[in-house]
Each structure stands twice: as structure tokens, then as C-alpha cells.
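Colleague: Input query-v4.tsv, format and content: TSV, C-alpha atoms.
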chain	number	residue	atom	x	y	z
Q	355	MET	CA	-66.88	101.63	19.52
Q	356	SER	CA	-70.01	103.73	20.02
Q	357	GLN	CA	-68.15	107.01	19.68
Q	358	PRO	CA	-64.85	107.77	17.94
Q	359	PRO	CA	-62.06	108.37	20.47
Q	360	ARG	CA	-61.18	111.97	21.16
Q	361	LEU	CA	-57.92	112.05	23.05
Q	362	ARG	CA	-57.49	114.65	25.78
Q	363	VAL	CA	-54.39	116.06	24.14
Q	364	SER	CA	-53.55	119.73	23.71
Q	365	ALA	CA	-52.52	120.22	20.08
Q	366	SER	CA	-50.94	123.59	20.85
Q	367	HIS	CA	-48.94	122.07	23.69
Q	368	VAL	CA	-47.74	119.28	21.39
Q	369	ASN	CA	-46.42	121.89	18.94
Q	370	GLN	CA	-44.75	123.89	21.70
Q	371	GLN	CA	-43.07	120.84	23.17
Q	372	PHE	CA	-41.73	119.61	19.84
Q	373	ALA	CA	-40.56	123.10	18.87
Q	374	ARG	CA	-38.50	123.18	22.07
Q	375	ARG	CA	-36.99	119.78	21.25
Q	376	SER	CA	-36.14	120.63	17.65
Q	377	PRO	CA	-34.50	119.08	15.64
Q	378	LEU	CA	-35.48	115.81	17.42
Q	379	ASP	CA	-32.16	114.17	16.62
Q	380	ALA	CA	-31.89	112.91	20.22
Q	381	ALA	CA	-35.31	111.23	19.94
Q	382	GLN	CA	-34.26	109.03	17.02
Q	383	PHE	CA	-33.06	106.29	19.37
Q	384	LEU	CA	-36.77	105.37	19.48
Q	385	TYR	CA	-38.43	107.08	16.50
Q	386	GLY	CA	-35.70	105.98	14.10
Q	387	GLU	CA	-35.86	102.40	15.38
Q	388	ILE	CA	-39.64	102.28	14.90
Q	389	ALA	CA	-39.22	103.72	11.39
Q	390	GLN	CA	-36.87	100.85	10.51
Q	391	ARG	CA	-39.37	98.31	11.82
Q	392	MET	CA	-42.09	99.96	9.73
Q	393	LEU	CA	-39.87	99.84	6.65
Q	394	GLN	CA	-39.26	96.14	7.22
Q	395	ARG	CA	-43.03	95.57	7.26
Q	396	LEU	CA	-43.43	97.76	4.18
Q	397	SER	CA	-40.84	95.75	2.27
Q	398	TYR	CA	-43.22	92.76	2.22
Q	399	ILE	CA	-45.93	94.78	0.46
Q	400	ARG	CA	-45.62	94.99	-3.32
Q	401	ILE	CA	-46.16	98.64	-4.07
Q	402	LYS	CA	-44.20	101.24	-6.02
Q	403	PRO	CA	-45.55	104.55	-4.77
Q	404	ILE	CA	-44.60	107.79	-6.45
Q	405	LYS	CA	-46.56	110.39	-4.47
Q	406	VAL	CA	-45.73	109.80	-0.80
Q	407	LEU	CA	-46.95	111.79	2.19
Q	408	ASP	CA	-45.00	111.62	5.44
Q	409	ALA	CA	-47.72	112.69	7.91
Q	410	GLY	CA	-46.26	114.12	11.11
Q	411	CYS	CA	-42.82	114.23	9.49
Q	412	GLY	CA	-41.10	116.38	12.12
Q	413	ALA	CA	-37.66	117.34	10.83
Q	414	GLY	CA	-37.86	114.85	7.95
Q	415	HIS	CA	-35.85	112.01	9.47
Q	416	ALA	CA	-37.81	109.42	7.44
Q	417	LEU	CA	-37.07	111.03	4.07
Q	418	GLU	CA	-33.79	109.30	3.26
Q	419	PRO	CA	-34.84	105.84	4.60
Q	420	LEU	CA	-37.99	106.05	2.48
Q	421	ARG	CA	-36.03	107.20	-0.56
Q	422	ALA	CA	-33.64	104.28	-0.14
Q	423	GLN	CA	-36.66	102.00	-0.61
Q	424	TYR	CA	-38.43	104.13	-3.23
Q	425	PRO	CA	-35.74	106.09	-5.15
Q	426	ASP	CA	-38.19	107.74	-7.54
Q	427	MET	CA	-40.75	108.86	-5.00
Q	428	ASP	CA	-42.15	112.37	-4.93
Q	429	TYR	CA	-41.97	113.14	-1.21
Q	430	SER	CA	-44.19	115.53	0.76
Q	431	GLY	CA	-43.56	116.00	4.46
Q	432	GLN	CA	-46.37	117.39	6.60
Q	433	ASP	CA	-46.32	118.65	10.16
Q	434	ALA	CA	-48.05	121.25	12.31
Q	435	CYS	CA	-44.77	122.35	13.98
Q	436	LYS	CA	-43.22	125.22	12.02
Q	437	THR	CA	-39.90	125.00	13.85
Q	438	LEU	CA	-39.34	121.37	12.87
Q	439	LEU	CA	-40.39	122.05	9.27
Q	440	ASN	CA	-37.83	124.87	9.04
Q	441	VAL	CA	-35.13	122.37	10.06
Q	442	ALA	CA	-36.41	119.90	7.45
Q	443	ARG	CA	-36.35	122.54	4.70
Q	444	ASP	CA	-32.84	123.57	5.65
Q	445	ARG	CA	-31.62	119.97	5.59
Q	446	TYR	CA	-33.38	118.63	2.52
Q	447	VAL	CA	-34.48	121.56	0.36
Q	448	ALA	CA	-31.78	124.20	0.79
Q	449	LYS	CA	-28.97	121.63	0.78
Q	450	PRO	CA	-28.62	118.23	-0.89
Q	451	GLY	CA	-29.09	115.32	1.48
Q	452	PHE	CA	-26.93	112.23	1.86
Q	453	TRP	CA	-29.07	110.20	-0.57
Q	454	GLN	CA	-28.93	113.00	-3.14
Q	455	LYS	CA	-25.13	113.09	-2.92
Q	456	LEU	CA	-24.90	109.30	-3.13
Q	457	ARG	CA	-26.99	108.99	-6.27
Q	458	ASN	CA	-25.49	109.69	-9.68
Q	459	LYS	CA	-28.68	111.22	-11.00
Q	460	PRO	CA	-30.99	114.00	-9.79
Q	461	THR	CA	-33.60	113.12	-7.19
Q	462	PRO	CA	-37.17	114.42	-7.35
Q	463	PRO	CA	-37.74	117.62	-5.38
Q	464	VAL	CA	-39.28	117.45	-1.92
Q	465	GLN	CA	-41.79	119.72	-0.24
Q	466	PHE	CA	-42.76	120.36	3.36
Q	467	LEU	CA	-46.27	121.46	4.31
Q	468	GLU	CA	-47.35	123.13	7.54
Q	469	SER	CA	-50.84	121.83	8.29
Q	470	ASP	CA	-52.91	119.72	10.67
Q	471	MET	CA	-52.90	115.99	9.98
Q	472	ALA	CA	-56.72	116.05	9.88
Q	473	ASP	CA	-56.74	118.93	7.38
Q	474	SER	CA	-53.72	118.59	5.11
Q	475	GLY	CA	-54.87	120.92	2.32
Q	476	LEU	CA	-53.69	118.39	-0.27
Q	477	PRO	CA	-55.84	117.55	-3.32
Q	478	ALA	CA	-58.23	114.63	-3.08
Q	479	GLU	CA	-56.97	111.27	-4.38
Q	480	SER	CA	-53.46	112.58	-4.98
Q	481	MET	CA	-51.28	110.23	-2.90
Q	482	ASP	CA	-50.03	106.67	-3.48
Q	483	LEU	CA	-48.83	106.15	0.10
Q	484	VAL	CA	-49.41	107.83	3.45
Q	485	TRP	CA	-46.66	107.02	5.92
Q	486	SER	CA	-46.89	108.19	9.54
Q	487	ASN	CA	-44.33	107.22	12.15
Q	488	MET	CA	-45.18	107.76	15.85
Q	489	ALA	CA	-47.36	110.80	15.19
Q	490	LEU	CA	-51.00	109.69	15.38
Q	491	HIS	CA	-51.12	109.51	19.18
Q	492	TRP	CA	-50.24	113.23	19.38
Q	493	HIS	CA	-53.49	114.22	17.62
Q	494	PRO	CA	-56.70	114.71	19.66
Q	495	GLU	CA	-58.94	113.35	16.88
Q	496	PRO	CA	-57.24	110.34	15.25
Q	497	HIS	CA	-60.51	109.30	13.55
Q	498	ASN	CA	-60.52	112.56	11.60
Q	499	VAL	CA	-56.89	112.02	10.62
Q	500	LEU	CA	-57.80	108.63	9.14
Q	501	ALA	CA	-60.69	110.21	7.25
Q	502	GLU	CA	-58.31	112.80	5.80
Q	503	TRP	CA	-55.88	110.09	4.74
Q	504	ARG	CA	-58.66	108.34	2.88
Q	505	ARG	CA	-59.60	111.60	1.17
Q	506	ILE	CA	-56.11	112.26	-0.17
Q	507	LEU	CA	-55.21	108.66	-1.08
Q	508	LYS	CA	-55.95	107.25	-4.50
Q	509	PRO	CA	-58.31	104.25	-4.62
Q	510	GLY	CA	-56.30	101.14	-3.80
Q	511	ALA	CA	-53.46	103.15	-2.23
Q	512	LEU	CA	-51.93	102.34	1.16
Q	513	ALA	CA	-51.83	104.02	4.56
Q	514	MET	CA	-49.22	102.78	7.03
Q	515	PHE	CA	-48.65	104.13	10.53
Q	516	SER	CA	-47.20	103.46	13.96
Q	517	CYS	CA	-48.26	104.95	17.28
Q	518	LEU	CA	-48.24	104.30	21.01
Q	519	GLY	CA	-50.93	102.10	22.55
Q	520	PRO	CA	-52.57	102.08	26.00
Q	521	GLY	CA	-49.99	99.69	27.45
Q	522	SER	CA	-47.37	102.44	27.21
Q	523	LEU	CA	-45.86	104.20	30.23
Q	524	ALA	CA	-47.36	101.74	32.74
Q	525	GLU	CA	-44.44	102.18	35.15
Q	526	LEU	CA	-44.60	105.96	34.94
Q	527	ARG	CA	-48.37	105.93	35.55
Q	528	ALA	CA	-47.87	103.72	38.60
Q	529	ALA	CA	-45.16	106.03	39.95
Q	530	VAL	CA	-47.38	109.09	39.51
Q	531	GLU	CA	-50.18	107.34	41.39
Q	532	ASP	CA	-47.93	106.00	44.14
Q	533	ALA	CA	-46.47	109.47	44.69
Q	534	GLY	CA	-49.95	111.02	44.90
Q	535	LEU	CA	-49.05	113.74	42.40
Q	536	GLY	CA	-52.56	114.48	41.16
Q	537	THR	CA	-51.68	114.64	37.48
Q	538	GLN	CA	-52.46	112.63	34.35
Q	539	THR	CA	-50.29	111.06	31.70
Q	540	PRO	CA	-51.34	110.85	28.01
Q	541	GLN	CA	-54.14	108.58	26.75
Q	542	PHE	CA	-53.70	106.24	23.79
Q	543	VAL	CA	-56.07	104.39	21.44
Q	544	ASP	CA	-56.25	100.59	21.54
Q	545	MET	CA	-54.95	98.73	18.50
Q	546	HIS	CA	-58.29	96.98	17.97
Q	547	ASP	CA	-60.12	100.30	18.00
Q	548	PHE	CA	-57.84	101.53	15.24
Q	549	GLY	CA	-58.86	98.53	13.15
Q	550	ASP	CA	-62.51	99.48	13.61
Q	551	LEU	CA	-61.77	103.13	12.81
Q	552	LEU	CA	-60.03	102.18	9.57
Q	553	LEU	CA	-62.99	100.08	8.45
Q	554	GLY	CA	-65.44	102.81	9.41
Q	555	ARG	CA	-63.57	105.44	7.45
Q	556	GLY	CA	-63.36	103.69	4.12
Q	557	PHE	CA	-60.30	101.43	4.35
Q	558	LEU	CA	-60.09	97.76	3.47
Q	559	ASP	CA	-58.23	94.81	4.98
Q	560	PRO	CA	-56.71	96.62	7.96
Q	561	VAL	CA	-53.78	94.79	9.52
Q	562	MET	CA	-52.87	95.74	13.09
Q	563	ASP	CA	-50.18	94.32	15.33
Q	564	GLN	CA	-48.28	95.51	18.36
Q	565	GLU	CA	-45.17	94.86	20.37
Q	566	ILE	CA	-43.95	95.90	23.80
Q	567	ILE	CA	-40.59	97.65	23.82
Q	568	THR	CA	-38.96	97.93	27.25
Q	569	LEU	CA	-36.50	100.74	27.85
Q	570	THR	CA	-34.13	100.26	30.78
Q	571	TYR	CA	-32.51	102.98	32.88
Q	572	ARG	CA	-29.87	103.24	35.56
Q	573	THR	CA	-31.42	106.39	37.05
Q	574	PRO	CA	-34.98	107.75	37.26
Q	575	GLU	CA	-33.64	111.12	36.12
Q	576	LYS	CA	-32.59	109.62	32.78
Q	577	LEU	CA	-36.01	108.02	32.33
Q	578	LEU	CA	-37.75	111.38	32.81
Q	579	ASP	CA	-35.23	113.06	30.54
Q	580	ASP	CA	-36.08	110.62	27.75
Q	581	MET	CA	-39.79	111.31	28.30
Q	582	ARG	CA	-39.09	114.99	27.69
Q	583	ILE	CA	-36.97	114.23	24.62
Q	584	LEU	CA	-39.76	112.12	23.12
Q	585	GLY	CA	-42.37	114.87	23.45
Q	586	GLY	CA	-43.31	115.36	27.08
Q	587	ASN	CA	-46.84	115.24	28.47
Q	588	PRO	CA	-49.43	117.11	26.37
Q	589	SER	CA	-52.41	115.80	28.37
Q	590	LEU	CA	-55.15	118.36	29.03
Q	591	ASP	CA	-55.48	116.83	32.51
Q	592	ARG	CA	-51.85	117.22	33.52
Q	593	ARG	CA	-51.00	119.26	36.60
Q	594	ALA	CA	-51.07	122.99	35.87
Q	595	GLY	CA	-47.82	124.91	36.36
Q	596	LEU	CA	-44.25	123.79	36.74
Q	597	PRO	CA	-43.53	120.98	39.21
Q	598	GLY	CA	-41.75	122.06	42.38
Q	599	ARG	CA	-38.75	120.44	43.99
Q	600	GLN	CA	-40.82	118.34	46.41
Q	601	TRP	CA	-43.15	117.19	43.61
Q	602	MET	CA	-40.20	115.99	41.54
Q	603	LYS	CA	-38.55	114.39	44.57
Q	604	ARG	CA	-41.66	112.28	45.23
Q	605	LEU	CA	-41.82	111.17	41.59
Q	606	LEU	CA	-38.14	110.21	41.52
Q	607	ALA	CA	-38.55	108.24	44.75
Q	608	ALA	CA	-41.56	106.37	43.35
Q	609	LEU	CA	-39.60	105.44	40.22
Q	610	GLU	CA	-36.60	104.46	42.36
Q	611	SER	CA	-38.78	101.99	44.25
Q	612	GLN	CA	-39.43	100.11	40.99
Q	613	ARG	CA	-35.83	98.95	40.54
Q	614	HIS	CA	-35.51	95.38	39.30
Q	615	GLN	CA	-33.05	92.80	40.58
Q	616	ASP	CA	-30.52	93.79	37.92
Q	617	GLY	CA	-30.59	97.36	39.24
Q	618	THR	CA	-32.44	98.90	36.30
Q	619	ILE	CA	-35.72	100.84	36.14
Q	620	HIS	CA	-38.03	99.88	33.27
Q	621	LEU	CA	-40.38	101.83	31.02
Q	622	SER	CA	-42.75	99.89	28.75
Q	623	LEU	CA	-43.89	101.21	25.39
Q	624	GLU	CA	-46.70	99.48	23.52
Q	625	VAL	CA	-46.08	100.26	19.85
Q	626	ALA	CA	-48.98	99.61	17.47
Q	627	TYR	CA	-48.41	99.16	13.74
Q	628	GLY	CA	-51.19	99.41	11.20
Q	629	HIS	CA	-51.76	99.46	7.48
Q	630	ALA	CA	-54.85	99.36	5.26
Q	631	TRP	CA	-55.91	99.97	1.67
Q	632	ARG	CA	-58.04	102.89	0.59
Q	633	SER	CA	-61.33	101.56	-0.74
Q	634	ALA	CA	-63.00	102.91	-3.87
Q	635	ALA	CA	-66.43	102.90	-2.20
Q	636	HIS	CA	-67.24	104.22	1.25
Q	637	ARG	CA	-70.45	104.05	3.23
Q	638	THR	CA	-71.11	107.24	5.20
Q	639	PRO	CA	-72.70	107.32	8.67
Q	640	ALA	CA	-75.92	108.50	6.97
Q	641	GLY	CA	-76.10	105.21	5.05
Q	642	GLU	CA	-74.98	106.59	1.68
Q	643	THR	CA	-72.49	104.68	-0.45
Q	644	ARG	CA	-70.00	106.96	-2.19
Q	645	ILE	CA	-67.67	105.87	-4.97
Q	646	SER	CA	-64.56	107.66	-6.15
Q	647	ALA	CA	-65.04	109.00	-9.65
Q	648	SER	CA	-61.50	107.97	-10.58
Q	649	SER	CA	-62.31	104.33	-9.86
Q	650	ILE	CA	-65.19	104.21	-12.37
Q	651	GLY	CA	-64.02	103.20	-15.84
Q	652	ARG	CA	-65.86	103.83	-19.08
Q	653	ALA	CA	-67.44	101.00	-21.00
Q	654	GLY	CA	-64.69	99.18	-22.84
Q	655	ASP	CA	-62.03	101.02	-20.84
Q	656	ALA	CA	-58.72	99.17	-20.94
Q	657	ASN	CA	-58.47	99.62	-17.17
Q	658	GLY	CA	-61.28	97.13	-16.67
Q	659	PRO	CA	-65.06	96.92	-16.32
Q	660	ARG	CA	-67.13	99.43	-14.43
Q	661	PRO	CA	-67.92	98.43	-10.85
Q	662	THR	CA	-71.41	97.21	-10.15
Q	663	VAL	CA	-73.21	99.25	-7.49
Q	664	ARG	CA	-76.63	98.51	-6.11
Q	665	PRO	CA	-78.63	100.86	-3.89
Q	666	ARG	CA	-78.66	100.00	-0.22
Q	667	LYS	CA	-81.36	100.42	2.37
Q	668	PRO	CA	-80.53	102.77	5.24
Q	669	ASP	CA	-80.41	99.89	7.75
Q	670	GLU	CA	-78.41	97.52	5.53
Q	671	LEU	CA	-74.84	96.67	6.51
Transcribe the structure of this file into C-alpha cells.

Modeller:
Amino acid sequence: MSQPPRLRVSASHVNQQFARRSPLDAAQFLYGEIAQRMLQRLSYIRIKPIKVLDAGCGAGHALEPLRAQYPDMDYSGQDACKTLLNVARDRYVAKPGFWQKLRNKPTPPVQFLESDMADSGLPAESMDLVWSNMALHWHPEPHNVLAEWRRILKPGALAMFSCLGPGSLAELRAAVEDAGLGTQTPQFVDMHDFGDLLLGRGFLDPVMDQEIITLTYRTPEKLLDDMRILGGNPSLDRRAGLPGRQWMKRLLAALESQRHQDGTIHLSLEVAYGHAWRSAAHRTPAGETRISASSIGRAGDANGPRPTVRPRKPDEL
């Protein structure tokens, strides 16, 4: 990639849409399922994180599944949507959650932070794990989000995320075009580009994979209803104003024409999964190599020898 991808997404519109859909319980048919698939992948990685950040946490639906895997974690949920965070605080801070009731001993306190994913406000090198489920594609500058995750992760710590890829919503895009509606659906970053972004922002050994999930519907109205439940269309290039009756009628007819032989209408979602380790050293675009102070041991330190660093020429890879 010559330039980092800047998605044409309205951050303010994303917040408005999710505030209207609070508490997002109805959206867990997809978001909760993806979280479980992420947890299955995470179970193969031998880590015992204590300080965990749930980036783009929404109403905190991932808190109890994460705590089931890491009972002693110190959880921080972060989101830019104040309405969803208020729900999360009411559910998990003001009242004990299911996991807290189930355990026979006190659980560590949780906190919820209102901030942008690219500017969390958290201390540098303070997190053992950044977890982000289906949130990264809602941010207009995902490359800056990854840079922020590196800043707040400890050297050797893990970032794991899921997001939608460019193969998503193919049927809806085709219907919009066939109906001649003159609007745009959201953009998404390719899985391979995310691998490059992780490497370029100071992560090691990125692992990316993807799967296509096909949702099936009996009516086009239900398909569009689920699109609203999952967050709507925050594209800057979407049609201005509310759609009229004729506009919606043309869209429904275009979706209706896509019926398969079994009578269902399909919607494809390309879900990308990624994880990578935060490196101790990072080469900046200016050609400088920076090393985390916490990763440098003293001579004779029990944690191991000091890393060897040699100066690099500006044009050296």
C-alpha cells in the first residue's frame, strides 16, 4: 500500500446510529457469534493477560465471555458512544453481572472509557491484550487505531480483532446499483492490507484469515432491518436525506429479484480475523528505530540480556 487507507466513514454518524440502536442486544446474533469465534482462536494462544482493553466495546457484551476465559483480568471497555457506555456501566459497574454472581470470590473492578479508538487516553505500554470485535471497520482511520494499540500495549503483548472485509454486502451493493439509487454503501479494508498495516505500525507475526458468512432472509424488509440493527450506513457518500417511498420500493424490488431457488434472499459478510504481537522495536517512516524502554534490561538483569541494536541507514530495510 502506498498510502494508509482512510475510509469514507462519518464517525459522528456511527455514534448517532449506535446510540439509536442501544443497547445492541438485537445485534448479538452476529456480533456475539463473531466474538465466540474470536474466543475460540484466542484459546489456542498461550497468554494470561491481566490488563485487557475491549476496544469498541459497545454495551460490554464481550465482558463476561472474556472473563470466563480470563477470570482474573482487569477489564477496560472503550467506546466513543456515550449512550452504549452508560448501558455498560449500568449493567456491569452499578450491578453485579452474571459472572460476578456465579463466582464465589470477588471479581476485579471494571471501567468504561469514552474515547476514540485512535486516541484512547490510556498510558503507554499498560495493556496485556487489546481485543476488538467488529469495531475497526467503523473507524475512518484504521491505521491510526493500530498505531494507538501498539502504543498502549506492553512489548510482546497481543492485539486481536475482527472486522468486515470488502466482500461484505455484495448483494446489497448490487441491488443499490440495479435500482439506480445513486448512493454508496460502506467501504472496508482488505485482509491483506491489514497485515501490511500491522507490520508497518510495529507489530510482529501478523496472522490474518477470513470467512464468508451468508445470512438468509425470507423477505427483503427483514434484510434491511438487520442492516439497521447492525449499524446502518455511515458512508460519507450515502444519499443525503431520508429515502422516500419510491426509493425504498425500488430497493426492495431489486433485492426481491435476487431470490434463490429455495426462496431465500442472501447477504454475504466477509469477516476478517487478525492478531499480532507488539514488537519492542519499531522503525518509523522517517527511518528511525525506536525501542521501548521497558524492554531494555540492565546488565545482569534476571529478565535476560540487553537487546543488541545497530544503527541503520535511512534507506535500509

Colleague: Would you mind reading off the distance between atom CA of Q:Val406 and atom CA of Q:Pro463, one decimal, in Å?

Modeller: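 Separation between atom CA of Q:Val406 and atom CA of Q:Pro463: 12.1 Å.
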
Colleague: Produce a table with one row for each residue of stretch 488-563 of chain Q that has an atom at most 7 Å from any atom of stretch 619-637 of chain Q, each row naming the nearest atom pair and its distance in Å at one decimal; use all atoms listed in the file; arrange rows by chain and rising residue number; format as a tab-separated table.

Modeller:
residue	atom	partner	partner_atom	distance
Q:Arg504	CA	Q:Arg632	CA	5.9
Q:Leu507	CA	Q:Arg632	CA	6.6
Q:Pro509	CA	Q:Ala634	CA	4.9
Q:Gly510	CA	Q:Arg632	CA	5.0
Q:Ala511	CA	Q:Arg632	CA	5.4
Q:Leu512	CA	Q:Trp631	CA	4.7
Q:Ala513	CA	Q:His629	CA	5.4
Q:Met514	CA	Q:His629	CA	4.2
Q:Phe515	CA	Q:Gly628	CA	5.4
Q:Ser516	CA	Q:Tyr627	CA	4.5
Q:Cys517	CA	Q:Ala626	CA	5.4
Q:Leu518	CA	Q:Val625	CA	4.7
Q:Gly519	CA	Q:Glu624	CA	5.1
Q:Pro520	CA	Q:Glu624	CA	6.9
Q:Gly521	CA	Q:Glu624	CA	5.1
Q:Ser522	CA	Q:Leu623	CA	4.1
Q:Leu523	CA	Q:Ser622	CA	5.5
Q:Ala524	CA	Q:Ser622	CA	6.4
Q:Glu525	CA	Q:Leu621	CA	5.8
Q:Met545	CA	Q:Ala626	CA	6.1
Q:Gly556	CA	Q:His636	CA	4.9
Q:Phe557	CA	Q:Arg632	CA	4.6
Q:Leu558	CA	Q:Trp631	CA	5.1
Q:Asp559	CA	Q:Ala630	CA	5.7
Q:Pro560	CA	Q:Ala630	CA	4.3
Q:Val561	CA	Q:His629	CA	5.5
Q:Met562	CA	Q:Gly628	CA	4.5
Q:Asp563	CA	Q:Tyr627	CA	5.4

Colleague: Store the residues picked out above, limited to C-alpha atoms, as a PDB file, keeping the file's coordinate frame.

Modeller:
ATOM      1  CA  ARG Q 504     -58.660 108.340   2.880  1.00  0.00           C
ATOM      2  CA  LEU Q 507     -55.210 108.660  -1.080  1.00  0.00           C
ATOM      3  CA  PRO Q 509     -58.310 104.250  -4.620  1.00  0.00           C
ATOM      4  CA  GLY Q 510     -56.300 101.140  -3.800  1.00  0.00           C
ATOM      5  CA  ALA Q 511     -53.460 103.150  -2.230  1.00  0.00           C
ATOM      6  CA  LEU Q 512     -51.930 102.340   1.160  1.00  0.00           C
ATOM      7  CA  ALA Q 513     -51.830 104.020   4.560  1.00  0.00           C
ATOM      8  CA  MET Q 514     -49.220 102.780   7.030  1.00  0.00           C
ATOM      9  CA  PHE Q 515     -48.650 104.130  10.530  1.00  0.00           C
ATOM     10  CA  SER Q 516     -47.200 103.460  13.960  1.00  0.00           C
ATOM     11  CA  CYS Q 517     -48.260 104.950  17.280  1.00  0.00           C
ATOM     12  CA  LEU Q 518     -48.240 104.300  21.010  1.00  0.00           C
ATOM     13  CA  GLY Q 519     -50.930 102.100  22.550  1.00  0.00           C
ATOM     14  CA  PRO Q 520     -52.570 102.080  26.000  1.00  0.00           C
ATOM     15  CA  GLY Q 521     -49.990  99.690  27.450  1.00  0.00           C
ATOM     16  CA  SER Q 522     -47.370 102.440  27.210  1.00  0.00           C
ATOM     17  CA  LEU Q 523     -45.860 104.200  30.230  1.00  0.00           C
ATOM     18  CA  ALA Q 524     -47.360 101.740  32.740  1.00  0.00           C
ATOM     19  CA  GLU Q 525     -44.440 102.180  35.150  1.00  0.00           C
ATOM     20  CA  MET Q 545     -54.950  98.730  18.500  1.00  0.00           C
ATOM     21  CA  GLY Q 556     -63.360 103.690   4.120  1.00  0.00           C
ATOM     22  CA  PHE Q 557     -60.300 101.430   4.350  1.00  0.00           C
ATOM     23  CA  LEU Q 558     -60.090  97.760   3.470  1.00  0.00           C
ATOM     24  CA  ASP Q 559     -58.230  94.810   4.980  1.00  0.00           C
ATOM     25  CA  PRO Q 560     -56.710  96.620   7.960  1.00  0.00           C
ATOM     26  CA  VAL Q 561     -53.780  94.790   9.520  1.00  0.00           C
ATOM     27  CA  MET Q 562     -52.870  95.740  13.090  1.00  0.00           C
ATOM     28  CA  ASP Q 563     -50.180  94.320  15.330  1.00  0.00           C
TER      29      ASP Q 563
END

Colleague: At a cut-off of 6 Å, using only C-alpha atoms, what residues contact stretch 589-593 of chain Q? Leave out same-chain residues fewer than 6 positions from it and give the result as a PDB file with C-alpha atoms, in the frame of the given file.

Modeller:
ATOM      1  CA  ARG Q 362     -57.490 114.650  25.780  1.00  0.00           C
ATOM      2  CA  VAL Q 363     -54.390 116.060  24.140  1.00  0.00           C
ATOM      3  CA  SER Q 364     -53.550 119.730  23.710  1.00  0.00           C
ATOM      4  CA  THR Q 537     -51.680 114.640  37.480  1.00  0.00           C
ATOM      5  CA  GLN Q 538     -52.460 112.630  34.350  1.00  0.00           C
ATOM      6  CA  PRO Q 540     -51.340 110.850  28.010  1.00  0.00           C
TER       7      PRO Q 540
END

Colleague: Between Q:Ala472, Q:Leu407, Q:Cys435, Q:Val484, which is the closest to Q:Phe372 once you count all atoms listed in the file?

Modeller: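 Of the candidates, the smallest distance to Q:Phe372 is held by Q:Cys435.
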
Colleague: For the contact check between stretch 500-608 of chain Q and stretch 473-478 of chain Q, emit one row per residue of stretch 500-608 of chain Q within 8 Å, containing the shortest atom pair and the distance in Å rounded to one decimal, counting all atoms listed in the file, chain then rising number order, as CSV.

Modeller:
residue,atom,partner,partner_atom,distance
Q:Glu502,CA,Q:Asp473,CA,6.5
Q:Arg505,CA,Q:Ala478,CA,5.4
Q:Ile506,CA,Q:Ala478,CA,4.3
Q:Leu507,CA,Q:Ala478,CA,7.0
Q:Lys508,CA,Q:Ala478,CA,7.9

Colleague: Just to be explicit: take each residue in the selection above, keep C-alpha atoms, and write the result as a compact mmCIF listing (two decimals), in the coordinates of the input.

Modeller:
# COMPACT_ATOMS: atom_id res chain seq x y z
CA GLU Q 502 -58.31 112.80 5.80
CA ARG Q 505 -59.60 111.60 1.17
CA ILE Q 506 -56.11 112.26 -0.17
CA LEU Q 507 -55.21 108.66 -1.08
CA LYS Q 508 -55.95 107.25 -4.50
